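Q: For reference, the file run.cif (mmCIF, C-alpha atoms) is included below:
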data_final
#
loop_
_atom_site.label_atom_id
_atom_site.label_comp_id
_atom_site.auth_asym_id
_atom_site.auth_seq_id
_atom_site.Cartn_x
_atom_site.Cartn_y
_atom_site.Cartn_z
CA MET A 2 -17.39 -24.43 -11.31
CA ASN A 3 -16.57 -26.29 -8.14
CA LEU A 4 -12.88 -25.82 -8.66
CA LYS A 5 -13.33 -22.07 -8.96
CA ASN A 6 -15.29 -22.00 -5.73
CA LEU A 7 -12.58 -24.01 -4.07
CA ILE A 8 -9.82 -21.64 -5.18
CA VAL A 9 -11.71 -18.59 -3.99
CA GLU A 10 -12.52 -20.15 -0.66
CA LEU A 11 -8.94 -21.27 -0.16
CA PHE A 12 -7.83 -17.70 -0.70
CA ILE A 13 -10.35 -16.36 1.73
CA ILE A 14 -9.18 -18.85 4.33
CA SER A 15 -5.55 -17.91 3.77
CA PHE A 16 -6.47 -14.27 4.34
CA ILE A 17 -8.46 -14.92 7.47
CA PHE A 18 -6.05 -17.44 8.98
CA PRO A 19 -3.52 -14.85 10.22
CA LEU A 20 -6.31 -12.92 11.91
CA ILE A 21 -7.37 -16.04 13.77
CA ILE A 22 -3.78 -16.49 14.92
CA LEU A 23 -3.86 -12.91 16.15
CA CYS A 24 -7.01 -13.57 18.17
CA ILE A 25 -5.46 -16.68 19.69
CA TRP A 26 -2.34 -14.76 20.64
CA SER A 27 -4.45 -12.15 22.42
CA ILE A 28 -5.77 -14.70 24.94
CA THR A 29 -2.59 -16.72 25.24
CA GLY A 30 -0.45 -17.00 28.32
CA VAL A 31 2.38 -19.27 27.24
CA TRP A 32 3.01 -20.53 23.72
CA THR A 33 6.47 -22.01 23.35
CA TYR A 34 8.06 -23.15 20.15
CA PRO A 35 7.15 -26.60 18.93
CA ASN A 36 3.55 -26.57 20.12
CA ILE A 37 0.88 -25.91 17.53
CA LEU A 38 -1.67 -24.99 20.15
CA HIS A 39 -0.97 -22.76 23.11
CA GLN A 40 -0.53 -24.12 26.60
CA SER A 41 -2.36 -21.67 28.83
CA TYR A 42 -4.90 -18.90 28.66
CA SER A 43 -4.48 -15.47 30.09
CA LEU A 44 -6.12 -12.11 29.71
CA ARG A 45 -3.12 -10.00 30.67
CA GLY A 46 -3.17 -8.26 27.30
CA PHE A 47 -6.70 -7.08 27.83
CA GLU A 48 -5.94 -6.08 31.40
CA TYR A 49 -3.10 -3.96 30.12
CA ILE A 50 -5.08 -2.19 27.43
CA LEU A 51 -8.14 -1.61 29.62
CA ASN A 52 -6.48 0.23 32.50
CA LEU A 53 -7.24 3.92 32.78
CA GLU A 54 -4.02 5.22 31.24
CA ASN A 55 -4.32 3.20 28.06
CA VAL A 56 -8.01 3.83 27.62
CA LYS A 57 -7.14 7.51 27.53
CA VAL A 58 -4.65 6.82 24.74
CA LEU A 59 -7.29 4.85 22.88
CA ILE A 60 -9.86 7.64 23.17
CA ASN A 61 -7.24 10.11 22.03
CA SER A 62 -6.68 8.16 18.81
CA ILE A 63 -10.39 7.91 18.14
CA VAL A 64 -10.95 11.64 18.68
CA ILE A 65 -8.07 12.52 16.37
CA SER A 66 -9.39 10.25 13.63
CA ILE A 67 -12.90 11.68 13.86
CA ILE A 68 -11.65 15.26 13.65
CA VAL A 69 -9.42 14.40 10.69
CA VAL A 70 -12.30 12.74 8.86
CA PHE A 71 -14.56 15.75 9.39
CA ILE A 72 -12.03 18.30 8.18
CA THR A 73 -11.09 16.17 5.18
CA VAL A 74 -14.68 15.71 4.10
CA ILE A 75 -15.51 19.40 4.49
CA ILE A 76 -12.49 20.44 2.42
CA SER A 77 -12.62 17.80 -0.27
CA ILE A 78 -16.30 17.65 -1.17
CA PRO A 79 -16.28 21.12 -2.77
CA ALA A 80 -13.09 20.22 -4.60
CA SER A 81 -14.52 17.01 -6.00
CA LYS A 82 -17.67 18.84 -7.05
CA ALA A 83 -15.61 21.39 -8.91
CA LEU A 84 -13.49 18.76 -10.61
CA SER A 85 -16.34 16.58 -11.71
CA LEU A 86 -19.08 19.03 -12.67
CA TYR A 87 -17.29 21.98 -14.20
CA ASN A 88 -15.01 22.46 -17.14
CA PHE A 89 -12.51 25.20 -16.61
CA LYS A 90 -9.01 26.34 -17.37
CA GLY A 91 -6.34 24.52 -15.44
CA LYS A 92 -8.54 21.56 -14.58
CA ARG A 93 -5.76 19.08 -15.33
CA PHE A 94 -3.39 20.99 -13.10
CA PHE A 95 -5.73 20.66 -10.14
CA GLU A 96 -6.36 17.00 -10.89
CA LEU A 97 -2.63 16.37 -10.85
CA LEU A 98 -2.23 18.39 -7.68
CA VAL A 99 -4.70 16.15 -5.90
CA LEU A 100 -3.07 13.02 -7.31
CA ILE A 101 0.40 14.02 -6.14
CA ILE A 102 -0.70 13.73 -2.54
CA ILE A 103 -1.78 10.12 -2.96
CA ILE A 104 1.62 9.29 -4.28
CA MET B 3 -18.80 35.60 -14.57
CA ARG B 4 -19.97 34.13 -11.35
CA ASN B 5 -20.25 30.71 -12.95
CA LYS B 6 -16.75 30.91 -14.31
CA LEU B 7 -15.28 31.62 -10.93
CA LYS B 8 -17.26 29.01 -9.06
CA PRO B 9 -14.99 26.00 -9.57
CA TYR B 10 -11.98 28.00 -8.51
CA ILE B 11 -13.72 29.08 -5.34
CA LEU B 12 -14.66 25.50 -4.61
CA LEU B 13 -11.06 24.43 -5.16
CA LEU B 14 -9.58 27.24 -3.11
CA PRO B 15 -9.44 25.64 0.37
CA ILE B 16 -7.83 22.40 -0.75
CA SER B 17 -5.36 24.20 -2.98
CA ILE B 18 -4.24 26.52 -0.21
CA ILE B 19 -3.65 23.63 2.12
CA LEU B 20 -1.94 21.38 -0.40
CA ILE B 21 0.25 24.04 -1.98
CA SER B 22 1.31 25.67 1.26
CA ILE B 23 2.15 22.45 3.07
CA MET B 24 3.65 20.67 0.12
CA GLY B 25 5.44 23.67 -1.30
CA PHE B 26 7.03 24.50 2.03
CA GLY B 27 8.00 20.90 2.60
CA ILE B 28 9.47 20.39 -0.82
CA ILE B 29 11.42 23.64 -0.85
CA ASN B 30 12.74 22.95 2.61
CA CYS B 31 13.68 19.44 1.59
CA ILE B 32 15.49 20.53 -1.56
CA MET B 33 17.34 23.30 0.26
CA GLN B 34 18.54 20.93 2.94
CA SER B 35 19.56 18.36 0.37
CA LEU B 36 21.74 20.99 -1.27
CA GLY B 37 23.48 21.55 2.03
CA TYR B 38 21.77 24.75 3.14
CA ILE B 39 20.95 24.25 6.84
CA PRO B 40 21.54 27.64 8.46
CA TYR B 41 20.85 26.61 12.05
CA ILE B 42 23.81 24.28 12.15
CA GLY B 43 26.03 26.61 10.22
CA LEU B 44 26.01 24.98 6.82
CA GLU B 45 25.37 27.68 4.29
CA ASN B 46 27.22 26.90 1.10
CA ILE B 47 25.01 25.37 -1.53
CA SER B 48 26.52 22.54 -3.52
CA PHE B 49 25.67 19.28 -5.16
CA ARG B 50 28.28 17.33 -3.24
CA PHE B 51 25.72 15.37 -1.21
CA TYR B 52 24.06 14.21 -4.39
CA LYS B 53 27.40 13.21 -5.82
CA GLU B 54 28.39 11.31 -2.70
CA ILE B 55 25.09 9.49 -2.36
CA LEU B 56 24.54 8.64 -5.99
CA GLY B 57 28.02 7.15 -6.17
CA ASP B 58 27.50 5.15 -3.00
CA SER B 59 27.03 1.43 -3.51
CA ILE B 60 24.98 1.05 -0.31
CA PHE B 61 22.52 3.64 -1.57
CA LEU B 62 22.25 1.91 -4.93
CA GLU B 63 21.60 -1.41 -3.25
CA SER B 64 18.88 0.16 -1.12
CA LEU B 65 17.32 1.69 -4.19
CA ILE B 66 17.35 -1.62 -6.01
CA PHE B 67 15.95 -3.37 -2.95
CA SER B 68 13.08 -0.89 -2.65
CA LEU B 69 12.29 -1.01 -6.33
CA LYS B 70 12.47 -4.79 -6.38
CA THR B 71 10.24 -5.46 -3.37
CA SER B 72 7.59 -2.95 -4.36
CA PHE B 73 7.57 -4.03 -8.00
CA ILE B 74 7.34 -7.75 -7.22
CA SER B 75 4.68 -7.34 -4.56
CA THR B 76 2.58 -5.01 -6.71
CA THR B 77 2.77 -7.19 -9.80
CA ILE B 78 1.84 -10.35 -7.96
CA SER B 79 -1.00 -8.73 -6.09
CA ILE B 80 -2.42 -7.23 -9.29
CA PHE B 81 -2.19 -10.57 -11.07
CA ILE B 82 -3.76 -12.64 -8.31
CA GLY B 83 -6.27 -9.94 -7.45
CA VAL B 84 -7.62 -9.62 -10.99
CA LEU B 85 -7.78 -13.37 -11.46
CA LEU B 86 -9.49 -13.83 -8.13
CA SER B 87 -12.05 -11.12 -8.71
CA TYR B 88 -12.88 -12.73 -12.05
CA LEU B 89 -13.38 -16.08 -10.32
CA LEU B 90 -15.31 -14.38 -7.56
CA LEU B 91 -17.72 -13.00 -10.10
CA GLN B 92 -18.50 -16.40 -11.52
CA SER B 93 -18.79 -18.28 -8.26
CA LYS B 94 -21.74 -16.93 -6.38
CA LEU B 95 -20.46 -16.44 -2.88
CA SER B 96 -22.49 -15.53 0.14
CA LYS B 97 -22.38 -11.94 1.35
CA ILE B 98 -20.50 -12.89 4.50
CA LYS B 99 -17.61 -14.41 2.60
CA GLU B 100 -17.44 -11.38 0.36
CA SER B 101 -17.23 -9.07 3.31
CA LEU B 102 -14.53 -11.26 4.84
CA LEU B 103 -12.36 -10.26 1.90
CA ASN B 104 -12.68 -6.63 2.96
CA LEU B 105 -11.16 -7.33 6.35
CA PRO B 106 -7.48 -7.08 5.37
CA ILE B 107 -7.98 -3.55 4.10
CA ILE B 108 -8.85 -2.16 7.51
CA VAL B 109 -6.04 -3.96 9.32
CA PRO B 110 -3.14 -1.52 9.79
CA HIS B 111 0.24 -2.31 8.28
CA ILE B 112 1.93 -2.68 11.64
CA VAL B 113 -0.51 -5.38 12.69
CA VAL B 114 0.03 -7.13 9.38
CA VAL B 115 3.76 -7.13 10.03
CA MET B 116 3.14 -8.84 13.34
CA LEU B 117 0.88 -11.40 11.70
CA ILE B 118 3.44 -12.26 9.06
CA ILE B 119 6.15 -12.59 11.68
CA SER B 120 4.00 -14.89 13.80
CA ILE B 121 3.34 -17.13 10.81
CA PHE B 122 6.46 -17.14 8.67
CA SER B 123 9.27 -16.52 11.13
CA GLN B 124 11.56 -19.30 12.24
CA SER B 125 9.43 -19.98 15.29
CA GLY B 126 6.19 -19.20 13.49
CA VAL B 127 3.17 -21.33 12.81
CA ILE B 128 4.41 -22.90 9.57
CA SER B 129 7.68 -23.85 11.17
CA ARG B 130 5.76 -25.41 14.08
CA ILE B 131 3.59 -27.44 11.75
CA LEU B 132 6.63 -28.71 9.86
CA TYR B 133 8.26 -29.62 13.16
CA ASN B 134 5.26 -31.65 14.21
CA LEU B 135 5.27 -33.41 10.86
CA ASN B 136 8.90 -34.35 11.55
CA ILE B 137 10.12 -32.55 8.46
CA ILE B 138 12.45 -30.30 10.42
CA SER B 139 13.95 -31.05 13.82
CA ASP B 140 14.87 -27.55 14.91
CA SER B 141 13.53 -24.03 14.37
CA SER B 142 16.79 -22.91 12.81
CA GLN B 143 16.37 -25.39 9.97
CA PHE B 144 13.34 -23.53 8.73
CA MET B 145 14.51 -21.05 6.17
CA SER B 146 14.41 -17.45 7.24
CA LEU B 147 11.55 -15.73 5.43
CA VAL B 148 11.39 -12.71 7.70
CA SER B 149 14.14 -10.07 7.76
CA ASP B 150 15.89 -11.92 4.98
CA LYS B 151 18.08 -10.41 2.31
CA ASN B 152 15.53 -10.80 -0.46
CA GLY B 153 12.80 -9.02 1.45
CA ILE B 154 10.31 -11.87 1.24
CA GLY B 155 8.71 -10.74 4.49
CA VAL B 156 8.14 -7.25 3.13
CA ILE B 157 6.65 -8.66 -0.05
CA LEU B 158 4.34 -10.94 1.93
CA VAL B 159 3.03 -8.04 3.98
CA TYR B 160 2.27 -6.00 0.88
CA LEU B 161 0.66 -9.00 -0.80
CA TRP B 162 -1.63 -9.55 2.15
CA LYS B 163 -2.69 -5.93 2.02
CA GLY B 164 -2.59 -5.52 -1.74
CA ILE B 165 -4.56 -8.47 -3.08
CA PRO B 166 -7.82 -7.60 -1.30
CA PHE B 167 -7.43 -3.99 -2.39
CA VAL B 168 -7.13 -5.03 -6.02
CA ILE B 169 -10.01 -7.47 -5.65
CA ILE B 170 -12.34 -4.84 -4.31
CA THR B 171 -11.55 -2.25 -6.95
CA THR B 172 -11.74 -4.70 -9.85
CA TYR B 173 -14.65 -6.71 -8.54
CA ASN B 174 -16.93 -3.70 -8.26
CA ILE B 175 -16.16 -2.71 -11.84
CA LEU B 176 -16.58 -6.24 -13.15
CA LYS B 177 -19.90 -6.50 -11.41
CA ASN B 178 -21.20 -3.40 -13.13
CA ILE B 179 -20.14 -4.42 -16.62
CA ASN B 180 -23.13 -4.95 -18.77
CA GLU B 181 -23.60 -8.67 -19.30
CA LYS B 182 -25.12 -8.06 -22.72
CA LEU B 183 -21.74 -7.11 -24.11
CA GLN B 184 -20.37 -10.53 -23.29
CA ASN B 185 -23.46 -12.30 -24.54
CA VAL B 186 -23.25 -10.49 -27.86
CA ALA B 187 -19.60 -11.45 -28.26
CA LEU B 188 -20.30 -15.08 -27.39
CA ASN B 189 -23.21 -15.10 -29.77
CA LEU B 190 -21.02 -13.79 -32.56
CA GLY B 191 -18.61 -16.67 -32.09
CA ALA B 192 -15.98 -15.37 -29.69
CA ASN B 193 -14.56 -17.88 -27.27
CA LYS B 194 -14.15 -17.23 -23.57
CA TYR B 195 -10.56 -16.09 -23.88
CA GLN B 196 -11.40 -13.56 -26.59
CA CYS B 197 -14.29 -12.39 -24.49
CA PHE B 198 -11.95 -11.74 -21.61
CA LYS B 199 -9.28 -10.09 -23.73
CA TYR B 200 -11.39 -7.78 -25.83
CA ILE B 201 -14.27 -6.89 -23.54
CA ILE B 202 -13.44 -7.32 -19.90
CA LEU B 203 -9.78 -6.37 -19.95
CA PRO B 204 -10.19 -2.99 -21.66
CA LEU B 205 -12.99 -2.10 -19.28
CA VAL B 206 -11.05 -2.90 -16.12
CA LEU B 207 -7.67 -1.70 -17.37
CA PRO B 208 -7.93 1.85 -15.98
CA SER B 209 -8.71 0.56 -12.52
CA ILE B 210 -5.93 -2.02 -12.74
CA ILE B 211 -3.42 0.63 -13.70
CA SER B 212 -4.53 3.06 -11.06
CA SER B 213 -4.40 0.42 -8.35
CA PHE B 214 -0.96 -0.60 -9.62
CA ILE B 215 0.23 2.98 -9.30
CA ILE B 216 -1.24 3.45 -5.85
CA LEU B 217 0.15 0.17 -4.51
CA PHE B 218 3.56 0.70 -6.07
CA ALA B 219 3.92 4.25 -4.87
CA PHE B 220 2.78 3.32 -1.40
CA SER B 221 5.07 0.34 -0.99
CA PHE B 222 7.94 2.31 -2.49
CA GLY B 223 7.62 5.19 -0.08
CA ALA B 224 6.32 3.47 3.03
CA PHE B 225 8.66 3.34 5.93
CA GLU B 226 7.26 1.22 8.72
CA VAL B 227 7.03 -2.15 7.00
CA PRO B 228 10.66 -2.51 5.84
CA PHE B 229 11.73 -0.91 9.12
CA LEU B 230 10.05 -3.64 11.16
CA ILE B 231 10.37 -6.69 8.96
CA GLY B 232 13.01 -5.84 6.40
CA PRO B 233 16.64 -6.92 6.45
CA THR B 234 19.30 -4.83 8.17
CA TYR B 235 21.26 -4.85 4.94
CA PRO B 236 20.37 -3.73 2.34
CA LYS B 237 17.96 -1.31 3.98
CA ALA B 238 14.96 -0.05 2.07
CA LEU B 239 15.35 3.56 0.94
CA PRO B 240 12.83 5.15 3.32
CA VAL B 241 14.46 3.34 6.21
CA SER B 242 17.91 4.59 5.38
CA ALA B 243 16.49 8.10 4.96
CA TYR B 244 15.00 7.86 8.43
CA MET B 245 18.23 6.51 9.87
CA SER B 246 20.23 9.42 8.56
CA TYR B 247 17.56 11.89 9.62
CA VAL B 248 17.49 10.84 13.27
CA SER B 249 21.25 10.43 13.42
CA SER B 250 22.89 12.58 16.08
CA ASP B 251 25.25 13.97 13.47
CA LEU B 252 23.16 16.81 12.09
CA SER B 253 25.09 17.05 8.86
CA GLN B 254 23.71 13.60 8.05
CA ARG B 255 20.40 15.34 7.51
CA SER B 256 21.42 16.41 4.05
CA TYR B 257 21.80 12.77 3.08
CA ALA B 258 18.30 12.03 4.31
CA MET B 259 16.98 14.91 2.27
CA VAL B 260 18.82 13.75 -0.82
CA ILE B 261 17.18 10.34 -0.44
CA ASN B 262 13.81 12.01 0.02
CA VAL B 263 14.33 14.02 -3.14
CA VAL B 264 15.22 10.84 -5.03
CA LEU B 265 12.07 9.14 -3.70
CA SER B 266 9.91 12.09 -4.68
CA VAL B 267 11.43 12.23 -8.15
CA PHE B 268 10.61 8.56 -8.63
CA SER B 269 7.05 9.05 -7.42
CA PHE B 270 6.66 12.05 -9.65
CA GLY B 271 7.87 10.03 -12.61
CA ILE B 272 5.30 7.35 -11.79
CA LEU B 273 2.62 10.03 -11.67
CA ILE B 274 3.54 11.33 -15.11
CA VAL B 275 3.51 7.82 -16.59
CA TYR B 276 0.14 7.20 -14.97
CA ASN B 277 -1.25 10.38 -16.44
CA ARG B 278 -0.01 9.47 -19.92
CA ILE B 279 -1.51 5.99 -19.75
CA LEU B 280 -4.86 7.29 -18.57
CA GLU B 281 -4.94 9.79 -21.40
CA LYS B 282 -4.24 7.02 -23.90
CA ILE B 283 -6.99 4.86 -22.48
CA ASN B 284 -9.52 7.64 -22.42
CA LYS B 285 -8.84 8.36 -26.06
CA TYR B 286 -10.13 4.94 -27.07
CA LYS B 287 -13.20 5.20 -24.93
CA ILE B 288 -16.46 5.79 -26.70
#
Using the file provided, produce a representation of the structure as structure tokens.
A:
Amino acid sequence: MNLKNLIVELFIISFIFPLIILCIWSITGVWTYPNILHQSYSLRGFEYILNLENVKVLINSIVISIIVVFITVIISIPASKALSLYNFKGKRFFELLVLIIII
Amino acid sequence: MRNKLKPYILLLPISIILISIMGFGIINCIMQSLGYIPYIGLENISFRFYKEILGDSIFLESLIFSLKTSFISTTISIFIGVLLSYLLLQSKLSKIKESLLNLPIIVPHIVVVMLIISIFSQSGVISRILYNLNIISDSSQFMSLVSDKNGIGVILVYLWKGIPFVIITTYNILKNINEKLQNVALNLGANKYQCFKYIILPLVLPSIISSFIILFAFSFGAFEVPFLIGPTYPKALPVSAYMSYVSSDLSQRSYAMVINVVLSVFSFGILIVYNRILEKINKYKI
């Protein structure tokens, strides 16, 4: 039982570890090769992303994603209702048609 | 009458969008792959691009490379993912740790590429740790795991994305399996292995297969990961398609389209296999 817990937790750590490295990189100034820990802190990354120009880009991405989500939901809910609740001719064809897009 | 038409009406918007976009794209792609690109003056239709590309050793190596990396990464992630979700079920973890496992799914592929580079490259974290343990004395002694010929970097990226995906799909199904089924089997004298093989495996098999198909098709057709972290030779297929598409020599476009057609044919084949397997499984369902 304990061994199983250990394995699972080790895996979780190995998945989270790269993200921690990413967070460290984001506040790092200098981090040359043989050092395991970084030498200096800096927030230049955040300064870069938070100036007006880049915030606009950020908002642009968010707006696009929201619009895409809305349109997708509006179009696909009727389709999923049709596929799951009704039995009709050509049902398999439509199922395949939807699957093709995933692939 | 009205009831009969209803599903078709509900399906109408998505069908129009899918068929028009896909149909146009596919027809355009096939036409260009046959050498019909009127705006640059190529108008005779022939199979010569297919012949040239399919006989090309570089293309074959790319194809093998793509198939190999996506197959290895998908198989390993399915294997580890299923095993891990089974262990996860038995070890009662706190909610926070469970939700930590969902994190990799929302991280975009490009960020994952950067993570893998910062850890496994020659000046990455592992190399640094080995250096400080005096196992290696220079960064070049650490073997190159990123942009190497075997595509280990690509595989690592897909593993990091794939395993949590498999875990989530399988774990939710495992959690909903009725525990009574297992108890009955154990009571009737089945051991744990038999319990796994005859009860749990058949119930999760559809989700395993569908996640296999999704992961395989995605890693086979995805472009950005091998472009950023893959070797320069052999290139993955989508990368070489992109290279010939953006090439300044417009007649190269036909080659790109041929590669796209090959990719689509492969994906379509996967889809058909998937469909067959699902039909078989559904037949045995009660």
Q: Go through A:Arg93, A:Lys82, A:His39, A:Lys5 one by one, measure the shortest atom-to-atom distance of each to Glu281 of chain B using all atoms listed in the file, and give the residue with the smallest value.
A: A:Arg93
Q: I'd like the contact shell of Lys53 of chain B - 10 Å cut-off, only C-alpha atoms, skipping same-chain residues fewer than 5 positions apart - returned as a list in words.
A: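 With the cut-off at 10 Å, the set is Ser48, Asp58 and Val260 of chain B.
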Q: Between B:Met24, B:Val127, B:Leu36, B:Asn189, which is the closest to Pro19 of chain A once you count all atoms listed in the file?
A: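 Looking at the shortest contact to Pro19 of chain A, the residue is B:Val127.
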Q: What does the distance between atom CA of Ile169 of chain B and atom CA of Val84 of chain B come to in Å, to one decimal place?
A: 6.2 Å
Q: Within 9 Å of Ser27 of chain A, counting all atoms listed in the file, which residues qualify if same-chain residues fewer than 5 places away don't, as a list of chain:residue names?
A: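 My list of contacting residues is A:Ile22, A:Ser43, A:Leu44, A:Arg45, A:Gly46, A:Phe47.
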Q: Could you tell me, as a list in words, exactly which residues end up selected when the PyMOL selection byres ((chain A and resi 66-77) around 12) is applied to this structure?
A: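 When the PyMOL selection byres ((chain A and resi 66-77) around 12) is applied to the shown file, the picked residues are Leu59, Ile60, Asn61, Ser62, Ile63, Val64, Ile65, Ile78, Pro79, Ala80, Ser81, Lys82, Ala83, Leu84 and Val99 of chain A; Ile11, Leu12, Leu13, Leu14, Pro15, Ile16, Ser17, Ile18, Ile19 and Leu20 of chain B.
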Q: What would the file look like if the residues just selected were written as a PDB file, in the frame of the given file with C-alpha atoms?
A:
ATOM      1  CA  LEU A  59      -7.290   4.850  22.880  1.00  0.00           C
ATOM      2  CA  ILE A  60      -9.860   7.640  23.170  1.00  0.00           C
ATOM      3  CA  ASN A  61      -7.240  10.110  22.030  1.00  0.00           C
ATOM      4  CA  SER A  62      -6.680   8.160  18.810  1.00  0.00           C
ATOM      5  CA  ILE A  63     -10.390   7.910  18.140  1.00  0.00           C
ATOM      6  CA  VAL A  64     -10.950  11.640  18.680  1.00  0.00           C
ATOM      7  CA  ILE A  65      -8.070  12.520  16.370  1.00  0.00           C
ATOM      8  CA  ILE A  78     -16.300  17.650  -1.170  1.00  0.00           C
ATOM      9  CA  PRO A  79     -16.280  21.120  -2.770  1.00  0.00           C
ATOM     10  CA  ALA A  80     -13.090  20.220  -4.600  1.00  0.00           C
ATOM     11  CA  SER A  81     -14.520  17.010  -6.000  1.00  0.00           C
ATOM     12  CA  LYS A  82     -17.670  18.840  -7.050  1.00  0.00           C
ATOM     13  CA  ALA A  83     -15.610  21.390  -8.910  1.00  0.00           C
ATOM     14  CA  LEU A  84     -13.490  18.760 -10.610  1.00  0.00           C
ATOM     15  CA  VAL A  99      -4.700  16.150  -5.900  1.00  0.00           C
TER      16      VAL A  99
ATOM     17  CA  ILE B  11     -13.720  29.080  -5.340  1.00  0.00           C
ATOM     18  CA  LEU B  12     -14.660  25.500  -4.610  1.00  0.00           C
ATOM     19  CA  LEU B  13     -11.060  24.430  -5.160  1.00  0.00           C
ATOM     20  CA  LEU B  14      -9.580  27.240  -3.110  1.00  0.00           C
ATOM     21  CA  PRO B  15      -9.440  25.640   0.370  1.00  0.00           C
ATOM     22  CA  ILE B  16      -7.830  22.400  -0.750  1.00  0.00           C
ATOM     23  CA  SER B  17      -5.360  24.200  -2.980  1.00  0.00           C
ATOM     24  CA  ILE B  18      -4.240  26.520  -0.210  1.00  0.00           C
ATOM     25  CA  ILE B  19      -3.650  23.630   2.120  1.00  0.00           C
ATOM     26  CA  LEU B  20      -1.940  21.380  -0.400  1.00  0.00           C
TER      27      LEU B  20
END
Q: Specify as a ChimeraX atom specification each residue included when the PyMOL selection byres ((chain B) within 7 of (chain A)) is applied to this file.
A: /B:9,12-13,15-16,86,89-90,93,103,117,125,127,130-131,133,216,219-220,269
Q: Please evaluate the PyMOL selection byres ((chain B and resi 106) around 9) against the structure above and give the resulting residues as a list in words.
A: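 So the PyMOL selection byres ((chain B and resi 106) around 9), applied here, picks out Phe16, Ile17 and Leu20 of chain A; Leu102, Leu103, Asn104, Leu105, Ile107, Ile108, Val109, Pro110, Val114, Trp162, Lys163, Gly164, Pro166 and Phe167 of chain B.
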Q: Kindly compute an axis-aligned box around the listed atoms of segment 82-92 of chain A, allowing 6 Å on each side, and express its centre and edge lengths in Å to one decimal as AutoDock Vina command-line options.
A:
--center_x -12.7 --center_y 21.5 --center_z -12.2 --size_x 24.7 --size_y 21.8 --size_z 22.3
